[in-house]
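Right, one structure below, let's go through it.
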Amino acid sequence: MDNQRNLITAVVLSIVLLLGFDLVVGKLYPTPKTTEQAHTVAAAPSTRATAVHTRDGGLVDPAEEALEERDLQTSLKSAGRVAIDAPEVAGSINPVGALIDDIVLKTHRQTVKKDSGPVRLFSPAGTPAQQFVQFGWVAVNGSQPVAVPDSSTVWQAQGGALAPGRPVTLTWNNGQGQRFAIRYTIDDAYMITAEQTVGNTGAGPVAVRPYGFVNRTSRSASQDIWNLHSGPLGLFGGSVDFGTNYKDLDKGGTVTPAGATGWIGFTDIYWLSALIPQASARAGGDFRALGNETYRADMIYDPVTLAPGTQATRTTRLFVGAKESTVLDRYEDAGVGKFGLAIDWGWFRWFMYPIFWLLRELYRLTGNFGVAIILLTVVVRAAVFPVAQKGFASMAQMRAVQPKMKALQERHKDDKPRLQQEMAKLYKEEKVNPLSGCLPLVLQVPIFFALYKTLTVAIEMRHKPFALWIHDLSAPDPLHILNLFGLLPFTPPSFLGIGLLALLLGVTMWLQFRLNPAAMDPVQQQVFSIMPWMMMFVMAPFAAGLLIYWITSNLLTVAQQTYLYSRHPQLKAQLNKDRADKAHVAEREKLG
């Protein structure tokens with residue numbers, strides 16, 4: 001009776017776990033409201049013809065689609081825009097205010113569809129998903145008054161389209177003896193360099209402070225969740241700050257991180273816009289809430305005093321693009337401190353990054369990330385095989401001492417402390433480690449978590465196909481069994497959205513458990529019998545790449561156990577005996 005009650009309790013808890021897990025996942029990973037409708041953008045390169053204002057995990061309301069298209073058309077048709085045409089990015093600079101407010105990524109699409117447009121990162125002010133950068137100067141209080149350019153200033157452009165090796169210069173003369181200039185250059189990746197120069201030909205000294213800022217709305221931002229930061233980000237005092245989010249800015253208005261500013265900006269899961277000040281000049285930084293879901297990351301230099309006939313230049317770099325690890329590492333090697341940590345690897349990056357590096361190298365060899373995940377699983381299983389073999393041998397030893405264990409339990413059933421002492425003594429005499437059988441599983445947990453985080457944060461995994469129906473390894477299995485793979489007009493809830501990969505996971509785990517020696521406790525036997533199917537439901541909403549790893553690991557475990565049983569015939573005999581006993585009990589219960 002007690003066993004039946006315990007079994008019912010275990011089943012109920014499993015159901016609660018499934019439903020609770022789906023609820024928690026729904027809260028932590030809300031379904032994004034995105035749109036794939038194309039926009040025709042005038043006065044822009046052909047590669048941007050279908051760019052839209054959405055991000056992975058973004059919250060752009062589809063109802064704003066018409067407004068967005070109208071505002072984009074109006075803003076991007078303004079006269080005199082300076083085109084940007086580099087290998088990775090395209091866009092334009094608005095000469096009114098010298099705003100970099102039009103950037104799309106040529107090599108990253110919105111969705112896995114072949115006709116999907118490129119990802120748009122920067123949009124003009126006033127559009128539903130605005131994000132832009134401005135460089136300029138402010139006058140210093142207490143010094144001689146000086147007219148500085150502002151957001152309405154019309155700059156004069158020199159040069160054609162901004163491209164690698166082809167700089168563009170914007171100039172403006174205030175008519176009081178000061179000439180301002182911003183010279184833009186761009187590399188072959190995602191870095192734009194702005195050289196801000198002010199020359200003084202007036203009669204007296206003037207003082208100004210060069211600045212740059214990133215302005216954006218949170219409506220197009222990725223979700224900031226417990227294990228993945230999205231929002232304000234920067235290097236302050238030698239440390240990357242992941243602790244500030246948009247809600248903090250809404251509460252406090254302004255957040256000023258402590259320490260010198262190494263770089264500052266905003267991050268999404270895959271994208272980053274950040275200002276990197278000149279290393280030889282002091283600069284401060286802060287984050288501000290401007291209201292109406294709009295925020296700003298400010299970077300401002302110390303004041304510069306210019307005597308008549310002198311000029312001063314401050315060089316600021318702007319990164320606007322995808323957080324590709326190799327690109328970020330290259331900039332870090334070139335002097336941008338800890339830029340690789342703009343990817344939120346988490347606390348265990350020392351372990352996760354090597355896993356990602358190995359996965360990336362396997363991808364270079366195979367050209368398919370799905371195959372690379374399978375090979376990674378083989379490498380992991382091979383690495384832990386000696387430990388698994390030792391654990392299996394220990395399992396055989398544990399089986400051998402079971403009769404003695406039962407005798408001790410009967411003899412000291414009313415004296416728990418004495419029973420523990422005698423069991424420890426028995427383990428020592430028989431040279432048995434009761435935990436060694438769990439060690440292979442424990443070793444795989446950090447690898448599993450590392451792969452999970454890699455699939456979440458590494459843009460290298462985004463939209464990467466495997467085979468057949470798996471077109472994106474970083475997304476869940478798109479085929480659902482309950483709606484007959486899309487033939488029925490409904491989408492099952494995530495905890496019932498069982499795909500073929502989830503079903504294979506349950507079957508392979510069931511095969512794996514069948515090769516394990518039966519637990520002594522009947523309740524444990526029942527729990528283990530439903531565990532594969534419970535995990536099938538739990539894992540169904542996870543990335544397809546993660547399920548491929550687990551399925552491969554299960555199959556390798558089955559092969560490994562089959563081999564180890566051949567090395568330990570006594571354990572194989574015990575397994576067959578357990579199965580026969582279980583079948584006998586089931587038959588007896590069936591006959592009443």
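Lettering and numbering for the structure tokens are positional, with chains as A, B, ... in the shown order, residues counted from 1 in each chain, and ligands counted from 1 in the shown order.
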
With a cut-off of 9 Å, could you pull out the residues of region 85-128 of chain A touching region 458-465 of chain A and give me the nearest pair of atoms for each, distance in Å to one decimal, using only C-alpha atoms, ordered by chain and ascending number, as a Markdown table?
```
| residue | atom | partner | partner_atom | distance |
| --- | --- | --- | --- | --- |
| A:Arg109 | CA | A:His463 | CA | 8.6 |
| A:Thr111 | CA | A:His463 | CA | 7.4 |
| A:Val112 | CA | A:His463 | CA | 5.7 |
```

Atoms kept (N, CA, C and O atoms) for selection, written as a PDB file, in the first residue's frame:
```pdb
ATOM      1  N   ARG A 109      20.269  37.050 -41.870  1.00  0.00           N
ATOM      2  CA  ARG A 109      18.882  37.200 -42.263  1.00  0.00           C
ATOM      3  C   ARG A 109      17.955  37.207 -41.054  1.00  0.00           C
ATOM      4  O   ARG A 109      18.294  36.702 -39.980  1.00  0.00           O
ATOM      5  N   THR A 111      15.056  35.541 -40.796  1.00  0.00           N
ATOM      6  CA  THR A 111      14.554  34.195 -40.532  1.00  0.00           C
ATOM      7  C   THR A 111      15.332  33.204 -41.384  1.00  0.00           C
ATOM      8  O   THR A 111      16.210  33.582 -42.164  1.00  0.00           O
ATOM      9  N   VAL A 112      14.992  31.918 -41.254  1.00  0.00           N
ATOM     10  CA  VAL A 112      15.679  30.888 -42.029  1.00  0.00           C
ATOM     11  C   VAL A 112      15.189  30.839 -43.474  1.00  0.00           C
ATOM     12  O   VAL A 112      15.788  30.151 -44.306  1.00  0.00           O
TER      13      VAL A 112
END
```

Quick one: contact table of region 109-156 of chain A to region 80-98 of chain A, 8 Å max, nearest atom pair and distance in Å to one decimal per residue, counting only C-alpha atoms, chain and number order, as CSV?
```
residue,atom,partner,partner_atom,distance
A:Gln134,CA,A:Ala98,CA,6.4
A:Phe135,CA,A:Ala98,CA,7.1
A:Pro149,CA,A:Gly97,CA,7.5
A:Asp150,CA,A:Gly97,CA,6.0
A:Ser151,CA,A:Gly97,CA,4.0
A:Ser152,CA,A:Gly97,CA,5.2
A:Thr153,CA,A:Gly97,CA,5.1
A:Val154,CA,A:Val96,CA,4.5
A:Trp155,CA,A:Pro95,CA,5.2
A:Gln156,CA,A:Pro95,CA,7.0
```

Please, could you write that set of residues out with N, CA, C and O atoms as a CSV table (one decimal), in the first residue's frame?
```
chain,number,residue,atom,x,y,z
A,134,GLN,N,25.2,59.2,-32.5
A,134,GLN,CA,25.6,60.6,-32.8
A,134,GLN,C,26.9,60.9,-32.2
A,134,GLN,O,27.1,60.6,-31.0
A,135,PHE,N,27.8,61.6,-32.9
A,135,PHE,CA,29.0,62.1,-32.4
A,135,PHE,C,28.9,63.7,-32.4
A,135,PHE,O,28.4,64.2,-33.4
A,149,PRO,N,27.7,72.1,-33.0
A,149,PRO,CA,26.6,71.5,-33.8
A,149,PRO,C,25.7,70.7,-32.9
A,149,PRO,O,26.0,70.3,-31.8
A,150,ASP,N,24.4,70.6,-33.4
A,150,ASP,CA,23.4,69.9,-32.6
A,150,ASP,C,22.7,69.0,-33.6
A,150,ASP,O,23.1,68.8,-34.7
A,151,SER,N,21.5,68.4,-33.2
A,151,SER,CA,20.8,67.4,-34.0
A,151,SER,C,20.2,68.0,-35.2
A,151,SER,O,19.7,67.3,-36.1
A,152,SER,N,20.1,69.4,-35.3
A,152,SER,CA,19.5,70.0,-36.5
A,152,SER,C,20.5,70.6,-37.4
A,152,SER,O,20.2,71.1,-38.5
A,153,THR,N,21.8,70.5,-37.0
A,153,THR,CA,22.9,71.0,-37.9
A,153,THR,C,23.0,70.2,-39.2
A,153,THR,O,22.9,69.0,-39.2
A,154,VAL,N,23.1,71.0,-40.3
A,154,VAL,CA,23.3,70.3,-41.6
A,154,VAL,C,24.7,70.3,-41.9
A,154,VAL,O,25.4,71.4,-42.1
A,155,TRP,N,25.3,69.2,-42.0
A,155,TRP,CA,26.8,69.0,-42.3
A,155,TRP,C,27.0,68.9,-43.8
A,155,TRP,O,26.1,68.4,-44.5
A,156,GLN,N,28.2,69.3,-44.2
A,156,GLN,CA,28.6,69.1,-45.6
A,156,GLN,C,29.5,67.9,-45.7
A,156,GLN,O,30.4,67.7,-44.9
```

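Atom pair CA of Asp101 (chain A) / CA of Phe132 (chain A): separated by 4.3 Å.
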
Name the residues in contact with Ala194 (chain A) at a cut-off of 10 Å, using only C-alpha atoms, excluding same-chain residues fewer than 2 positions from it; report them as a PDB file with all heavy atoms, in the first residue's frame.
```
ATOM      1  N   PHE A 135      27.773  61.602 -32.929  1.00  0.00           N
ATOM      2  CA  PHE A 135      29.023  62.149 -32.409  1.00  0.00           C
ATOM      3  C   PHE A 135      28.916  63.671 -32.449  1.00  0.00           C
ATOM      4  O   PHE A 135      28.351  64.239 -33.400  1.00  0.00           O
ATOM      5  CB  PHE A 135      30.219  61.700 -33.245  1.00  0.00           C
ATOM      6  CG  PHE A 135      30.449  60.210 -33.223  1.00  0.00           C
ATOM      7  CD1 PHE A 135      30.031  59.424 -34.284  1.00  0.00           C
ATOM      8  CD2 PHE A 135      31.070  59.602 -32.143  1.00  0.00           C
ATOM      9  CE1 PHE A 135      30.241  58.052 -34.272  1.00  0.00           C
ATOM     10  CE2 PHE A 135      31.276  58.233 -32.118  1.00  0.00           C
ATOM     11  CZ  PHE A 135      30.862  57.459 -33.184  1.00  0.00           C
ATOM     12  N   PRO A 167      37.209  56.791 -47.000  1.00  0.00           N
ATOM     13  CA  PRO A 167      36.629  57.541 -45.878  1.00  0.00           C
ATOM     14  C   PRO A 167      35.657  58.611 -46.360  1.00  0.00           C
ATOM     15  O   PRO A 167      35.631  58.990 -47.532  1.00  0.00           O
ATOM     16  CB  PRO A 167      37.855  58.169 -45.211  1.00  0.00           C
ATOM     17  CG  PRO A 167      38.855  58.294 -46.322  1.00  0.00           C
ATOM     18  CD  PRO A 167      38.629  57.106 -47.214  1.00  0.00           C
ATOM     19  N   VAL A 168      34.851  59.084 -45.420  1.00  0.00           N
ATOM     20  CA  VAL A 168      33.903  60.164 -45.651  1.00  0.00           C
ATOM     21  C   VAL A 168      34.095  61.190 -44.539  1.00  0.00           C
ATOM     22  O   VAL A 168      34.249  60.819 -43.365  1.00  0.00           O
ATOM     23  CB  VAL A 168      32.452  59.649 -45.658  1.00  0.00           C
ATOM     24  CG1 VAL A 168      31.468  60.819 -45.616  1.00  0.00           C
ATOM     25  CG2 VAL A 168      32.184  58.793 -46.881  1.00  0.00           C
ATOM     26  N   THR A 169      34.081  62.478 -44.908  1.00  0.00           N
ATOM     27  CA  THR A 169      34.253  63.534 -43.921  1.00  0.00           C
ATOM     28  C   THR A 169      33.062  64.471 -43.948  1.00  0.00           C
ATOM     29  O   THR A 169      32.638  64.937 -45.027  1.00  0.00           O
ATOM     30  CB  THR A 169      35.543  64.342 -44.183  1.00  0.00           C
ATOM     31  OG1 THR A 169      36.667  63.464 -44.142  1.00  0.00           O
ATOM     32  CG2 THR A 169      35.719  65.427 -43.122  1.00  0.00           C
ATOM     33  N   ALA A 181      34.735  68.884 -37.699  1.00  0.00           N
ATOM     34  CA  ALA A 181      34.790  67.852 -38.739  1.00  0.00           C
ATOM     35  C   ALA A 181      34.719  66.472 -38.086  1.00  0.00           C
ATOM     36  O   ALA A 181      35.252  66.254 -36.985  1.00  0.00           O
ATOM     37  CB  ALA A 181      36.067  67.978 -39.569  1.00  0.00           C
ATOM     38  N   ILE A 182      34.040  65.560 -38.771  1.00  0.00           N
ATOM     39  CA  ILE A 182      33.996  64.141 -38.359  1.00  0.00           C
ATOM     40  C   ILE A 182      34.407  63.306 -39.564  1.00  0.00           C
ATOM     41  O   ILE A 182      33.722  63.338 -40.607  1.00  0.00           O
ATOM     42  CB  ILE A 182      32.592  63.715 -37.889  1.00  0.00           C
ATOM     43  CG1 ILE A 182      32.053  64.651 -36.817  1.00  0.00           C
ATOM     44  CG2 ILE A 182      32.633  62.277 -37.363  1.00  0.00           C
ATOM     45  CD1 ILE A 182      30.620  64.333 -36.397  1.00  0.00           C
ATOM     46  N   ARG A 183      35.501  62.622 -39.447  1.00  0.00           N
ATOM     47  CA  ARG A 183      35.996  61.764 -40.526  1.00  0.00           C
ATOM     48  C   ARG A 183      35.680  60.313 -40.192  1.00  0.00           C
ATOM     49  O   ARG A 183      36.129  59.780 -39.176  1.00  0.00           O
ATOM     50  CB  ARG A 183      37.507  61.941 -40.712  1.00  0.00           C
ATOM     51  CG  ARG A 183      38.102  61.128 -41.873  1.00  0.00           C
ATOM     52  CD  ARG A 183      39.591  61.431 -41.993  1.00  0.00           C
ATOM     53  NE  ARG A 183      40.196  60.763 -43.148  1.00  0.00           N
ATOM     54  CZ  ARG A 183      40.755  59.550 -43.104  1.00  0.00           C
ATOM     55  NH1 ARG A 183      40.777  58.874 -41.950  1.00  0.00           N
ATOM     56  NH2 ARG A 183      41.277  59.017 -44.179  1.00  0.00           N
ATOM     57  N   TYR A 184      34.879  59.663 -41.047  1.00  0.00           N
ATOM     58  CA  TYR A 184      34.460  58.282 -40.813  1.00  0.00           C
ATOM     59  C   TYR A 184      35.280  57.323 -41.683  1.00  0.00           C
ATOM     60  O   TYR A 184      35.504  57.586 -42.876  1.00  0.00           O
ATOM     61  CB  TYR A 184      32.980  58.094 -41.171  1.00  0.00           C
ATOM     62  CG  TYR A 184      32.020  58.906 -40.344  1.00  0.00           C
ATOM     63  CD1 TYR A 184      31.453  60.074 -40.865  1.00  0.00           C
ATOM     64  CD2 TYR A 184      31.652  58.499 -39.063  1.00  0.00           C
ATOM     65  CE1 TYR A 184      30.553  60.813 -40.125  1.00  0.00           C
ATOM     66  CE2 TYR A 184      30.751  59.243 -38.321  1.00  0.00           C
ATOM     67  CZ  TYR A 184      30.208  60.397 -38.856  1.00  0.00           C
ATOM     68  OH  TYR A 184      29.318  61.132 -38.112  1.00  0.00           O
ATOM     69  N   THR A 185      35.692  56.232 -41.094  1.00  0.00           N
ATOM     70  CA  THR A 185      36.263  55.116 -41.840  1.00  0.00           C
ATOM     71  C   THR A 185      35.581  53.841 -41.366  1.00  0.00           C
ATOM     72  O   THR A 185      34.997  53.798 -40.269  1.00  0.00           O
ATOM     73  CB  THR A 185      37.786  54.990 -41.631  1.00  0.00           C
ATOM     74  OG1 THR A 185      38.058  54.841 -40.215  1.00  0.00           O
ATOM     75  CG2 THR A 185      38.521  56.203 -42.153  1.00  0.00           C
ATOM     76  N   ILE A 186      35.638  52.792 -42.172  1.00  0.00           N
ATOM     77  CA  ILE A 186      35.008  51.523 -41.822  1.00  0.00           C
ATOM     78  C   ILE A 186      35.916  50.393 -42.250  1.00  0.00           C
ATOM     79  O   ILE A 186      36.622  50.488 -43.266  1.00  0.00           O
ATOM     80  CB  ILE A 186      33.611  51.402 -42.481  1.00  0.00           C
ATOM     81  CG1 ILE A 186      32.822  50.213 -41.913  1.00  0.00           C
ATOM     82  CG2 ILE A 186      33.723  51.311 -43.999  1.00  0.00           C
ATOM     83  CD1 ILE A 186      31.358  50.188 -42.341  1.00  0.00           C
ATOM     84  N   MET A 191      33.252  47.594 -37.632  1.00  0.00           N
ATOM     85  CA  MET A 191      33.791  48.715 -36.876  1.00  0.00           C
ATOM     86  C   MET A 191      33.864  49.976 -37.729  1.00  0.00           C
ATOM     87  O   MET A 191      34.520  50.000 -38.781  1.00  0.00           O
ATOM     88  CB  MET A 191      35.178  48.382 -36.333  1.00  0.00           C
ATOM     89  CG  MET A 191      35.672  49.351 -35.271  1.00  0.00           C
ATOM     90  SD  MET A 191      34.818  49.153 -33.670  1.00  0.00           S
ATOM     91  CE  MET A 191      35.690  47.722 -33.018  1.00  0.00           C
ATOM     92  N   ILE A 192      33.201  51.028 -37.251  1.00  0.00           N
ATOM     93  CA  ILE A 192      33.273  52.356 -37.842  1.00  0.00           C
ATOM     94  C   ILE A 192      34.094  53.238 -36.910  1.00  0.00           C
ATOM     95  O   ILE A 192      33.864  53.251 -35.700  1.00  0.00           O
ATOM     96  CB  ILE A 192      31.869  52.966 -38.042  1.00  0.00           C
ATOM     97  CG1 ILE A 192      31.047  52.112 -39.011  1.00  0.00           C
ATOM     98  CG2 ILE A 192      31.968  54.407 -38.544  1.00  0.00           C
ATOM     99  CD1 ILE A 192      29.599  52.567 -39.148  1.00  0.00           C
ATOM    100  N   GLN A 196      36.882  62.935 -34.508  1.00  0.00           N
ATOM    101  CA  GLN A 196      36.222  64.215 -34.265  1.00  0.00           C
ATOM    102  C   GLN A 196      37.289  65.294 -34.080  1.00  0.00           C
ATOM    103  O   GLN A 196      38.063  65.242 -33.116  1.00  0.00           O
ATOM    104  CB  GLN A 196      35.345  64.149 -33.017  1.00  0.00           C
ATOM    105  CG  GLN A 196      34.223  63.130 -33.094  1.00  0.00           C
ATOM    106  CD  GLN A 196      33.535  62.951 -31.760  1.00  0.00           C
ATOM    107  OE1 GLN A 196      33.634  61.904 -31.130  1.00  0.00           O
ATOM    108  NE2 GLN A 196      32.817  63.984 -31.307  1.00  0.00           N
ATOM    109  N   THR A 197      37.318  66.243 -34.995  1.00  0.00           N
ATOM    110  CA  THR A 197      38.329  67.304 -34.956  1.00  0.00           C
ATOM    111  C   THR A 197      37.640  68.662 -34.883  1.00  0.00           C
ATOM    112  O   THR A 197      36.663  68.929 -35.606  1.00  0.00           O
ATOM    113  CB  THR A 197      39.225  67.266 -36.201  1.00  0.00           C
ATOM    114  OG1 THR A 197      39.868  65.995 -36.273  1.00  0.00           O
ATOM    115  CG2 THR A 197      40.288  68.358 -36.142  1.00  0.00           C
ATOM    116  N   GLY A 212      29.961  61.006 -27.701  1.00  0.00           N
ATOM    117  CA  GLY A 212      29.234  60.117 -28.595  1.00  0.00           C
ATOM    118  C   GLY A 212      28.171  59.420 -27.772  1.00  0.00           C
ATOM    119  O   GLY A 212      28.346  59.211 -26.561  1.00  0.00           O
ATOM    120  N   THR A 313      41.809  66.511 -31.752  1.00  0.00           N
ATOM    121  CA  THR A 313      41.081  65.374 -32.334  1.00  0.00           C
ATOM    122  C   THR A 313      40.886  64.293 -31.287  1.00  0.00           C
ATOM    123  O   THR A 313      41.815  63.985 -30.518  1.00  0.00           O
ATOM    124  CB  THR A 313      41.857  64.795 -33.538  1.00  0.00           C
ATOM    125  OG1 THR A 313      42.003  65.798 -34.537  1.00  0.00           O
ATOM    126  CG2 THR A 313      41.127  63.588 -34.130  1.00  0.00           C
ATOM    127  N   ARG A 314      39.691  63.743 -31.269  1.00  0.00           N
ATOM    128  CA  ARG A 314      39.408  62.562 -30.448  1.00  0.00           C
ATOM    129  C   ARG A 314      38.863  61.482 -31.384  1.00  0.00           C
ATOM    130  O   ARG A 314      37.971  61.735 -32.189  1.00  0.00           O
ATOM    131  CB  ARG A 314      38.375  62.874 -29.350  1.00  0.00           C
ATOM    132  CG  ARG A 314      38.905  63.786 -28.264  1.00  0.00           C
ATOM    133  CD  ARG A 314      39.948  63.093 -27.418  1.00  0.00           C
ATOM    134  NE  ARG A 314      40.486  63.950 -26.371  1.00  0.00           N
ATOM    135  CZ  ARG A 314      41.595  64.677 -26.484  1.00  0.00           C
ATOM    136  NH1 ARG A 314      42.275  64.659 -27.640  1.00  0.00           N
ATOM    137  NH2 ARG A 314      42.019  65.414 -25.486  1.00  0.00           N
ATOM    138  N   THR A 315      39.419  60.277 -31.243  1.00  0.00           N
ATOM    139  CA  THR A 315      39.042  59.171 -32.127  1.00  0.00           C
ATOM    140  C   THR A 315      38.217  58.151 -31.352  1.00  0.00           C
ATOM    141  O   THR A 315      38.687  57.580 -30.361  1.00  0.00           O
ATOM    142  CB  THR A 315      40.294  58.486 -32.708  1.00  0.00           C
ATOM    143  OG1 THR A 315      41.047  59.465 -33.439  1.00  0.00           O
ATOM    144  CG2 THR A 315      39.902  57.346 -33.635  1.00  0.00           C
ATOM    145  N   THR A 316      37.009  57.932 -31.795  1.00  0.00           N
ATOM    146  CA  THR A 316      36.095  56.987 -31.158  1.00  0.00           C
ATOM    147  C   THR A 316      35.687  55.936 -32.175  1.00  0.00           C
ATOM    148  O   THR A 316      35.410  56.254 -33.332  1.00  0.00           O
ATOM    149  CB  THR A 316      34.827  57.707 -30.643  1.00  0.00           C
ATOM    150  OG1 THR A 316      35.221  58.773 -29.783  1.00  0.00           O
ATOM    151  CG2 THR A 316      33.923  56.736 -29.893  1.00  0.00           C
ATOM    152  N   ARG A 317      35.662  54.690 -31.729  1.00  0.00           N
ATOM    153  CA  ARG A 317      35.220  53.609 -32.611  1.00  0.00           C
ATOM    154  C   ARG A 317      33.801  53.180 -32.229  1.00  0.00           C
ATOM    155  O   ARG A 317      33.435  53.198 -31.056  1.00  0.00           O
ATOM    156  CB  ARG A 317      36.178  52.423 -32.515  1.00  0.00           C
ATOM    157  CG  ARG A 317      37.505  52.653 -33.206  1.00  0.00           C
ATOM    158  CD  ARG A 317      38.448  51.480 -33.069  1.00  0.00           C
ATOM    159  NE  ARG A 317      39.027  51.397 -31.740  1.00  0.00           N
ATOM    160  CZ  ARG A 317      39.849  50.424 -31.338  1.00  0.00           C
ATOM    161  NH1 ARG A 317      40.162  49.448 -32.174  1.00  0.00           N
ATOM    162  NH2 ARG A 317      40.335  50.432 -30.126  1.00  0.00           N
ATOM    163  N   LEU A 318      33.064  52.811 -33.252  1.00  0.00           N
ATOM    164  CA  LEU A 318      31.689  52.324 -33.075  1.00  0.00           C
ATOM    165  C   LEU A 318      31.605  50.913 -33.627  1.00  0.00           C
ATOM    166  O   LEU A 318      31.816  50.698 -34.823  1.00  0.00           O
ATOM    167  CB  LEU A 318      30.692  53.230 -33.806  1.00  0.00           C
ATOM    168  CG  LEU A 318      29.287  52.649 -34.039  1.00  0.00           C
ATOM    169  CD1 LEU A 318      28.562  52.434 -32.720  1.00  0.00           C
ATOM    170  CD2 LEU A 318      28.471  53.545 -34.970  1.00  0.00           C
TER     171      LEU A 318
END
```

Would you list, as a compact mmCIF listing (two decimals) with C-alpha atoms, in the first residue's frame, the residues of region 95-276 of chain A that end up in strand (DSSP E) under DSSP run on this structure's backbone?
```
# COMPACT_ATOMS: atom_id res chain seq x y z
CA LEU A 99 23.50 60.65 -37.34
CA ILE A 100 24.46 57.07 -38.15
CA ASP A 101 20.88 55.85 -38.13
CA ASP A 102 20.57 53.32 -40.94
CA ILE A 103 22.48 50.03 -40.59
CA VAL A 104 21.58 46.54 -41.76
CA LEU A 105 23.72 43.39 -41.74
CA LYS A 106 24.29 41.90 -45.18
CA THR A 107 25.18 38.38 -44.04
CA HIS A 108 22.52 37.81 -41.35
CA ARG A 109 18.88 37.20 -42.26
CA PRO A 118 18.72 41.16 -43.66
CA VAL A 119 18.71 42.06 -39.99
CA ARG A 120 18.29 45.78 -39.36
CA LEU A 121 20.13 47.20 -36.33
CA PHE A 122 19.93 50.99 -36.72
CA GLN A 131 18.43 53.11 -32.78
CA PHE A 132 21.20 55.44 -33.88
CA VAL A 133 24.55 56.96 -32.93
CA GLN A 134 25.58 60.59 -32.83
CA PHE A 135 29.02 62.15 -32.41
CA GLY A 136 29.41 65.79 -31.41
CA TRP A 137 30.64 68.37 -28.91
CA VAL A 138 29.19 70.28 -25.99
CA ALA A 139 30.35 73.68 -24.76
CA GLN A 156 28.61 69.13 -45.59
CA ALA A 157 29.78 65.75 -46.85
CA GLN A 158 33.03 65.09 -48.71
CA VAL A 168 33.90 60.16 -45.65
CA THR A 169 34.25 63.53 -43.92
CA LEU A 170 31.44 65.74 -42.61
CA THR A 171 32.29 69.40 -41.89
CA TRP A 172 30.51 72.36 -40.32
CA ASN A 173 31.68 75.91 -39.65
CA GLN A 178 35.56 77.26 -35.12
CA ARG A 179 35.44 74.49 -37.71
CA PHE A 180 34.13 71.04 -36.77
CA ALA A 181 34.79 67.85 -38.74
CA ILE A 182 34.00 64.14 -38.36
CA ARG A 183 36.00 61.76 -40.53
CA TYR A 184 34.46 58.28 -40.81
CA THR A 185 36.26 55.12 -41.84
CA ILE A 186 35.01 51.52 -41.82
CA MET A 191 33.79 48.72 -36.88
CA ILE A 192 33.27 52.36 -37.84
CA THR A 193 35.90 54.85 -36.67
CA ALA A 194 34.96 58.50 -36.11
CA GLU A 195 37.75 61.11 -35.84
CA GLN A 196 36.22 64.22 -34.27
CA THR A 197 38.33 67.30 -34.96
CA VAL A 198 37.68 70.90 -33.94
CA GLY A 199 39.92 73.75 -35.06
CA ASN A 200 39.97 77.23 -33.55
CA VAL A 206 37.53 78.00 -26.47
CA ALA A 207 36.74 74.84 -24.52
CA VAL A 208 34.57 71.92 -25.69
CA ARG A 209 33.92 68.31 -24.73
CA PRO A 210 33.68 65.69 -27.52
CA TYR A 211 31.03 63.02 -26.99
CA GLY A 212 29.23 60.12 -28.60
CA PHE A 213 26.04 58.34 -27.66
CA VAL A 214 23.90 55.36 -28.67
CA ASN A 215 20.16 55.99 -28.60
CA ARG A 216 17.70 53.07 -28.79
CA THR A 217 14.28 51.81 -27.81
CA GLY A 231 20.36 45.65 -22.41
CA PRO A 232 23.00 48.15 -21.24
CA LEU A 233 26.52 46.73 -21.38
CA GLY A 234 30.06 48.01 -21.11
CA LEU A 235 33.55 47.69 -19.73
CA PHE A 236 34.03 49.81 -16.62
CA SER A 239 35.19 44.59 -15.63
CA VAL A 240 32.29 43.90 -17.98
CA ASP A 241 29.03 45.02 -16.35
CA THR A 254 20.51 57.37 -14.79
CA VAL A 255 23.08 54.69 -13.95
CA THR A 261 34.95 53.50 -19.47
CA GLY A 262 36.56 50.97 -21.80
CA TRP A 263 33.48 50.65 -24.03
CA ILE A 264 29.76 51.27 -23.60
CA GLY A 265 26.55 50.48 -25.45
CA PHE A 266 23.61 48.08 -25.72
CA THR A 267 23.47 44.38 -26.43
CA TRP A 271 23.81 41.98 -31.77
CA LEU A 272 25.86 44.74 -30.19
CA SER A 273 26.22 48.51 -30.62
CA ALA A 274 29.06 49.94 -28.55
CA LEU A 275 31.27 53.04 -28.43
CA ILE A 276 34.97 52.56 -27.74
```

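Reported to one decimal place, the separation of CA of Leu515 (chain A) from CA of Ala559 (chain A) is 10.1 Å.
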
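Residues in contact with region 357-374 of chain A at 9 Å, where only C-alpha atoms are counted and same-chain residues fewer than 3 positions away are skipped, are listed as Met352, Tyr353, Pro354, Thr377, Val378, Val379, Leu451, Glu460, Met461, Lys464, Pro465, Phe466, Ala467, Leu473, Gly545, Leu546, Ile548, Tyr549, Thr552 and Ser553 of chain A.
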
For region 340-348 of chain A, please output as a ChimeraX atom specification all residues within 9 Å (counting only C-alpha atoms; exclusion window: fewer than 2 positions along the same chain). /A:227-230,233-234,240,242,267,269-270,272,323-332,337-338,350-353,446,450,453-454,457-458

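Minimum atom-to-atom distance to Pro493 (chain A), evaluated using only C-alpha atoms, belongs to A:Phe537 out of A:Ala407, A:Phe528, A:Asp250, A:Phe537.
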
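Note that the spacing between CA of Ala281 (chain A) and CA of Gly309 (chain A) amounts to 21.5 Å.
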
With distances taken over only C-alpha atoms, which of A:Leu496, A:Gln176, A:Lys247, A:Lys425 is nearest to Leu408 (chain A)? A:Lys425

Spatial neighbours of Ala258 (chain A), 8 Å, only C-alpha atoms, chain gap at least 2 places, as an MDAnalysis selection string: chainID A and resid 236:237 256 260
